[in-house]
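Student: Just dropping this structure here.
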Amino acid sequence: MADQIQPVSGMNDVLPFEVGAWQHFEACTSELLTAYGYEEIRVPIVEHTELFRRAIGEHTDVVGKEMYTFEDRGGDSLTLRPEATAGIVRALISNGLLRGQRHKLWCLGPMFRHEKPQAGRYRQFWQVDVEAVGCPGPDVDAELIALSARLWQRLGIAGLKLQINSLGTPESRREYRSRLVEYLRARESQLDADSQRRLTGNPLRVLDSKAPQMQEVIRGAPLLTEYLDAESRAHFEALCSMLRSAGVSYEINPRLVRGLDYYNRTVFEWITASTGAQNAVCSGGRYDGLIAQLGGDATPAIGFAMGVERLVALLVAAGRTPLPTGPDVYVVVSGAHAAERALELVERLRSERPTVRFELNVGEGNFKAQFRRADKSGARLALIVGDDELARGVVAMKPLRETSGQSECPIAQLASGLDAALAAVGRAGDVPLV
Ligand code: HAM
C-alpha cells in the first residue's frame with residue numbers, strides 16, 4: 001500500500017459532523033453584523049509580503065517568526081495572510097474607497113501563522129474580522145464592543161470576560177516605551193530569553209509574557225496608563241462610561257498591549273478561562289495611523305477579529321449546536337424498471353417542492369438494507385418506487401417514525417400527496433438546538 005500523506009501540522013479538517021456548529025456560528029454572526037450595518041468584504045488570502053511587514057511591524061512575532069512567505073514563479077515575495085486587517089485596508093486604498101467615506105465591513109476566512117500548534121492554537125485558523133473605518137470617536141469603539149457582547153448572548157456562550165486598555169498616541173507610547181526599557185534593562189538578568197529578545201525590538205510585548213519567572217518583573221513595571229496624553233485619556237474615559245451605560249461589564253487591564261504594532265488608543269480582548277493558555281476568543285483595537293502608513297488618506301479606524309475554532313469549541317462545550325439535518329424523505333427503489341424511473345420522479349418532485357430534502361437510494365441494496373439506510377438517515381417518510389407500484393401508476397409512502405401503515409398515491413398527484421403525508425408525520429421545521 002502507498003504511504004499515506006499526512007495533513008500539515010496545525011492545519012485541521014472540519015468534518016461533516018462538525019460543520020453544523022460552524023454554519024450556526026457563521027449564520028448568527030453574519031445576521032448580527034448585518035443588523036448593525038456591516039457589509040461583507042472578501043479579500044485575497046495571498047498579499048505582497050511588504051503589506052504585512054509595514055502594517056503589522058518588523059519586530060512582532062507574527063512578522064518576525066510566523067509568516068508563511070514564499071517567492072512566486074515571477075520572483076515576487078508573497079505571504080499567506082496572517083490576519084485580515086492589513087488586506088482590508090489595502091483593498092480600501094487600492095479600490096479608491098476612502099476619500100472621507102465611512103465603511104463598516106466584515107470578512108470571514110482562514111489565516112495562517114507558523115505558531116507552535118496546541119489545543120486552540122493552529123497554523124491555519126479562521127477569523128471573523130470586523131472593521132469600522134472613518135470614525136474617530138469612542139462611540140464606535142463602544143458600539144463594536146457592545147456588538148460582540150450581544151453576539152455571545154445570541155450564541156449562548158457564557159463566562160467571557162472583557163479586558164480593555166488604552167495605548168494612547170504613538171508619542172505617548174514612545175515616552176512610555178523608553179521608561180519601560182529603562183526599567184527592564186535594570187533587571188535584564190531576571191528576564192527570560194524571549195523577553196530579552198523583545199527588549200530591543202518590541203519591549204511592550206514583554207508585558208504579555210506568560211512565563212512564571214517574568215511575572216514579578218511585570219507586576220513592578222511602570223504602567224502605560226500613567227503616560228497617556230489628555231485626549232487619549234478622555235477617549236478612554238468616554239468609552240468606559242458608554243460601556244457602563246450600555247450594561248457591558250469590563251475590566252481595565254493596564255498591561256494589555258496586543259501583538260500587532262498598528263494599534264493606538266483603545267485595545268480590547270474577550271477572554272475565557274476554559275481554553276487554557278489560548279484564552280483570547282476575540283481581540284482588536286483602534287488603528288488610526290495604519291491607513292496613512294499604507295499609503296491611503298489618513299483615516300481613523302477600529303476593528304476586531306474572532307477566532308472561529310475557539311468560539312465553535314465553546315459552542316460545542318455549551319451544547320449550543322444545531323442537531324444534524326437529515327433528509328425529509330428517503331426514496332426506496334425496488335426493481336429494474338423502478339431503478340430506471342426513480343431519478344426522473346424524484347427530480348420532478350425536487351422541482352415541484354424545492355424546500356423538501358429528498359435522499360434517493362443510490363448504490364442499490366435489497367429492500368431491508370434500503371429501509372435500514374432510510375431509518376439511519378433520520379427521514380420521517382419513505383417513498384417506495386417499485387415495479388409493482390409503477391405498473392399500477394402509484395408510489396407507496398410509509399412513515400418511518402410511526403406505526404401507521406403504508407399508503408399509496410397516484411403518480412399524477414404525487415406532489416400534493418407528499419405534502420399531506422409530510423404534514424401528517426410533522427416535517428422538522430427550524431433546526432432545534434441540542
Ligand atoms: P489577533 O489577536 O492576532 O488580532 O487575532 C484575533 C483572534 O484570532 C484571537 O483573539 C484568537 O481568537 C484568534 N487567533 C489568533 N491566532 C490564532 C491561532 N494561531 N489559532 C487559533 N486562533 C487564533 C488580529 O488578527 C487583528 N487583525 C484583529 C483586529 C481587527 N484588529 C483590528 N481589526
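Ligands are numbered from 1 in the order shown, residues from 1 within each chain, and chains are lettered A, B, ... in the order they appear in the C-alpha cells.
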Excluding same-chain residues fewer than 4 positions from range 363-374 of chain A, what lies within 8 Å of it counting only C-alpha atoms, as a PyMOL selection string?
Tutor: chain A and resi 330-334+378-379+382+400
Student: Kindly work out which residues sit at most 9 Å from ligand 1, using only C-alpha atoms and all ligand atoms, and give the list as a PDB file with C-alpha atoms, in the first residue's frame.
Tutor:
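See part13.pdb below for the written result:
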ATOM      1  CA  GLY A  10      -1.581  22.707  12.818  1.00  0.00           C
ATOM      2  CA  ILE A  56       1.964  44.584  11.491  1.00  0.00           C
ATOM      3  CA  VAL A  62       3.830  37.470  13.537  1.00  0.00           C
ATOM      4  CA  PRO A  82      -1.684  36.062   8.987  1.00  0.00           C
ATOM      5  CA  GLU A  83      -4.630  38.378   9.689  1.00  0.00           C
ATOM      6  CA  ALA A  84      -7.252  40.281   7.703  1.00  0.00           C
ATOM      7  CA  THR A  85      -6.988  43.940   8.744  1.00  0.00           C
ATOM      8  CA  ALA A  86      -3.990  44.748   6.526  1.00  0.00           C
ATOM      9  CA  MET A 111      -5.481  32.990   8.376  1.00  0.00           C
ATOM     10  CA  PHE A 112      -2.020  31.423   8.552  1.00  0.00           C
ATOM     11  CA  ARG A 113       0.637  31.713  11.266  1.00  0.00           C
ATOM     12  CA  HIS A 114       3.509  29.336  11.822  1.00  0.00           C
ATOM     13  CA  GLU A 115       2.938  29.072  15.576  1.00  0.00           C
ATOM     14  CA  LYS A 116       3.550  26.057  17.800  1.00  0.00           C
ATOM     15  CA  PRO A 117       0.333  24.055  17.368  1.00  0.00           C
ATOM     16  CA  GLN A 118      -1.594  23.146  20.515  1.00  0.00           C
ATOM     17  CA  ALA A 119      -5.237  22.992  21.594  1.00  0.00           C
ATOM     18  CA  GLY A 120      -6.843  26.228  20.401  1.00  0.00           C
ATOM     19  CA  ARG A 121      -3.734  27.401  18.543  1.00  0.00           C
ATOM     20  CA  TYR A 122      -3.371  26.396  14.929  1.00  0.00           C
ATOM     21  CA  ARG A 123      -1.321  27.269  11.869  1.00  0.00           C
ATOM     22  CA  GLN A 124      -4.398  27.657   9.740  1.00  0.00           C
ATOM     23  CA  PHE A 125      -7.238  29.153  11.746  1.00  0.00           C
ATOM     24  CA  TRP A 126     -10.399  31.004  10.815  1.00  0.00           C
ATOM     25  CA  GLN A 127     -11.336  34.506  11.822  1.00  0.00           C
ATOM     26  CA  VAL A 128     -14.404  36.652  11.509  1.00  0.00           C
ATOM     27  CA  ASP A 129     -12.845  40.074  11.149  1.00  0.00           C
ATOM     28  CA  VAL A 130     -14.864  43.246  11.712  1.00  0.00           C
ATOM     29  CA  GLU A 131     -13.669  46.765  10.802  1.00  0.00           C
ATOM     30  CA  ALA A 132     -15.234  50.232  11.242  1.00  0.00           C
ATOM     31  CA  ARG A 258      -1.600  43.311  21.831  1.00  0.00           C
ATOM     32  CA  GLY A 259       0.823  41.637  19.458  1.00  0.00           C
ATOM     33  CA  LEU A 260       0.467  43.775  16.329  1.00  0.00           C
ATOM     34  CA  TYR A 262      -0.660  49.141  14.347  1.00  0.00           C
ATOM     35  CA  TYR A 263      -2.760  49.826  17.439  1.00  0.00           C
ATOM     36  CA  VAL A 267      -7.427  47.868  22.682  1.00  0.00           C
ATOM     37  CA  GLU A 269      -9.810  41.264  24.335  1.00  0.00           C
ATOM     38  CA  TRP A 270     -12.586  38.876  25.253  1.00  0.00           C
ATOM     39  CA  ILE A 271     -11.070  36.034  27.198  1.00  0.00           C
ATOM     40  CA  GLN A 278      -5.158  30.192  24.393  1.00  0.00           C
ATOM     41  CA  ASN A 279      -7.774  32.208  26.148  1.00  0.00           C
ATOM     42  CA  ALA A 280      -8.469  35.111  23.772  1.00  0.00           C
ATOM     43  CA  VAL A 281     -11.506  34.455  21.606  1.00  0.00           C
ATOM     44  CA  CYS A 282     -11.914  37.948  20.192  1.00  0.00           C
ATOM     45  CA  SER A 283      -9.462  40.816  20.162  1.00  0.00           C
ATOM     46  CA  GLY A 284      -8.858  44.113  18.490  1.00  0.00           C
ATOM     47  CA  GLY A 285      -8.456  47.814  18.837  1.00  0.00           C
ATOM     48  CA  ARG A 286      -8.083  51.173  17.196  1.00  0.00           C
ATOM     49  CA  TYR A 287      -5.559  51.717  14.393  1.00  0.00           C
ATOM     50  CA  ALA A 301     -10.416  53.063  12.229  1.00  0.00           C
ATOM     51  CA  ILE A 302     -11.086  50.336  14.743  1.00  0.00           C
ATOM     52  CA  GLY A 303     -11.815  46.630  14.478  1.00  0.00           C
ATOM     53  CA  PHE A 304     -11.521  43.206  15.989  1.00  0.00           C
ATOM     54  CA  ALA A 305     -11.263  39.577  14.969  1.00  0.00           C
ATOM     55  CA  MET A 306     -12.801  36.470  16.496  1.00  0.00           C
ATOM     56  CA  GLY A 307     -11.106  33.078  16.480  1.00  0.00           C
ATOM     57  CA  VAL A 308     -13.721  30.785  14.941  1.00  0.00           C
ATOM     58  CA  GLU A 309     -12.220  27.462  16.167  1.00  0.00           C
ATOM     59  CA  ARG A 310     -12.085  28.773  19.742  1.00  0.00           C
ATOM     60  CA  LEU A 311     -15.651  30.066  19.675  1.00  0.00           C
TER      61      LEU A 311
END
Student: May I have the residues within 6 Å of range 161-169 of chain A as a PyMOL selection string, using only C-alpha atoms and disregarding those fewer than 5 positions away in the same chain?
Tutor: chain A and resi 228+232+250-254+264-271
Student: Any chance you can output those residues with C-alpha atoms as a PDB file, in the first residue's frame?
Tutor:
ATOM      1  CA  LEU A 228      -1.487  58.672  28.448  1.00  0.00           C
ATOM      2  CA  SER A 232      -6.447  59.563  24.803  1.00  0.00           C
ATOM      3  CA  TYR A 250     -15.346  45.215  31.570  1.00  0.00           C
ATOM      4  CA  GLU A 251     -12.087  45.087  33.408  1.00  0.00           C
ATOM      5  CA  ILE A 252      -9.277  47.556  32.737  1.00  0.00           C
ATOM      6  CA  ASN A 253      -6.059  45.623  32.183  1.00  0.00           C
ATOM      7  CA  PRO A 254      -3.253  48.213  32.084  1.00  0.00           C
ATOM      8  CA  ASN A 264      -3.258  53.117  19.275  1.00  0.00           C
ATOM      9  CA  ARG A 265      -5.749  54.149  21.963  1.00  0.00           C
ATOM     10  CA  THR A 266      -8.454  51.526  22.593  1.00  0.00           C
ATOM     11  CA  VAL A 267      -7.427  47.868  22.682  1.00  0.00           C
ATOM     12  CA  PHE A 268      -9.565  45.021  23.984  1.00  0.00           C
ATOM     13  CA  GLU A 269      -9.810  41.264  24.335  1.00  0.00           C
ATOM     14  CA  TRP A 270     -12.586  38.876  25.253  1.00  0.00           C
ATOM     15  CA  ILE A 271     -11.070  36.034  27.198  1.00  0.00           C
TER      16      ILE A 271
END
Student: Need to verify the contact set: Tyr227 in chain A, 7 Å, only C-alpha atoms, exclusion of same-chain residues closer than 2 positions in sequence. Can you return it as number ranges by chain?
Tutor: A: 172, 176, 224-225, 229
Student: Could you write those residues out with all heavy atoms, as a compact mmCIF listing (two decimals), in the first residue's frame?
Tutor:
# COMPACT_ATOMS: atom_id res chain seq x y z
N SER A 172 2.85 59.28 23.07
CA SER A 172 2.82 58.92 24.49
C SER A 172 3.38 57.51 24.69
O SER A 172 4.00 57.21 25.70
CB SER A 172 1.41 59.05 25.07
OG SER A 172 0.52 58.16 24.45
N TYR A 176 6.51 56.22 27.04
CA TYR A 176 6.34 55.09 27.95
C TYR A 176 7.37 54.01 27.63
O TYR A 176 7.98 53.43 28.52
CB TYR A 176 4.93 54.51 27.82
CG TYR A 176 4.77 53.20 28.53
CD1 TYR A 176 4.79 53.13 29.91
CD2 TYR A 176 4.64 52.02 27.81
CE1 TYR A 176 4.68 51.91 30.57
CE2 TYR A 176 4.53 50.79 28.45
CZ TYR A 176 4.55 50.74 29.84
OH TYR A 176 4.43 49.54 30.49
N LEU A 224 1.45 51.86 31.35
CA LEU A 224 1.20 52.68 30.17
C LEU A 224 0.17 53.77 30.46
O LEU A 224 0.30 54.91 30.01
CB LEU A 224 0.69 51.74 29.07
CG LEU A 224 0.45 52.27 27.68
CD1 LEU A 224 1.71 52.90 27.13
CD2 LEU A 224 0.01 51.13 26.77
N THR A 225 -0.84 53.39 31.25
CA THR A 225 -1.93 54.35 31.54
C THR A 225 -1.42 55.62 32.21
O THR A 225 -2.03 56.67 32.09
CB THR A 225 -2.99 53.67 32.43
OG1 THR A 225 -2.35 52.69 33.23
CG2 THR A 225 -4.06 53.01 31.61
N ASP A 229 -1.70 60.65 27.05
CA ASP A 229 -1.94 62.06 26.79
C ASP A 229 -3.41 62.37 27.13
O ASP A 229 -4.24 61.45 27.23
CB ASP A 229 -1.69 62.35 25.31
CG ASP A 229 -2.53 61.44 24.44
OD1 ASP A 229 -2.26 60.23 24.42
OD2 ASP A 229 -3.51 61.92 23.82
Student: Give the answer as one residue: which of A:Gly393, A:Pro222, A:Gly426, A:Pro138 has the shortest atom-to-atom distance to Pro410 in chain A, using only C-alpha atoms?
Tutor: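 Smallest separation from Pro410 in chain A among the options: A:Gly393.
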Student: Restricting the calculation to only C-alpha atoms, which member of A:Leu256, A:Leu323, A:Ala142, A:Val312 is positioned closest to Leu243 in chain A?
Tutor: A:Ala142
Student: Would you pick out the contacts of Ala238 in chain A at 12 Å or less, using only C-alpha atoms, so that residues sharing its chain but fewer than 2 positions from it are not included, and give the list as a PyMOL selection string?
Tutor: chain A and resi 137-142+166+231-236+240-245+266
Student: Report the distance between CA of Phe17 in chain A and CA of Gly326 in chain A in Å, rounded to one decimal place.
Tutor: 11.6 Å
Student: Among range 212-432 of chain A, which ones does DSSP place in strand (DSSP E or B), written as an MDAnalysis selection string?
Tutor: chainID A and resid 251:252 264:271 280:286 301:307 322 329:334 358:360 381:386 394:399 407:410
Student: Set the distance at 9 Å and use only C-alpha atoms: which residues neighbour range 204-221 of chain A once local chain neighbours fewer than 2 positions away are removed? I'd like the list as a PyMOL selection string.
Tutor: chain A and resi 60+177+180-181+183-184+187+190-192+194-196+198-199+202+223+255-259+277
Student: Write down as a count of residues only the residues belonging to range 140-334 of chain A that are assigned alpha helix (DSSP H) by DSSP computed on the backbone.
Tutor: 77
Student: Considering only C-alpha atoms, return as number ranges by chain whatever protein or nucleic-acid residues lie within 9 Å of Phe358 in chain A, sequence-local ones (same chain, fewer than 2 positions apart) excluded.
Tutor: A: 327-331, 346, 349-350, 356, 360, 379
Student: Provide the CA of Thr321 in chain A to CA of Ile157 in chain A distance in Å, to one decimal place.
Tutor: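 These two atoms are separated by 11.1 Å.
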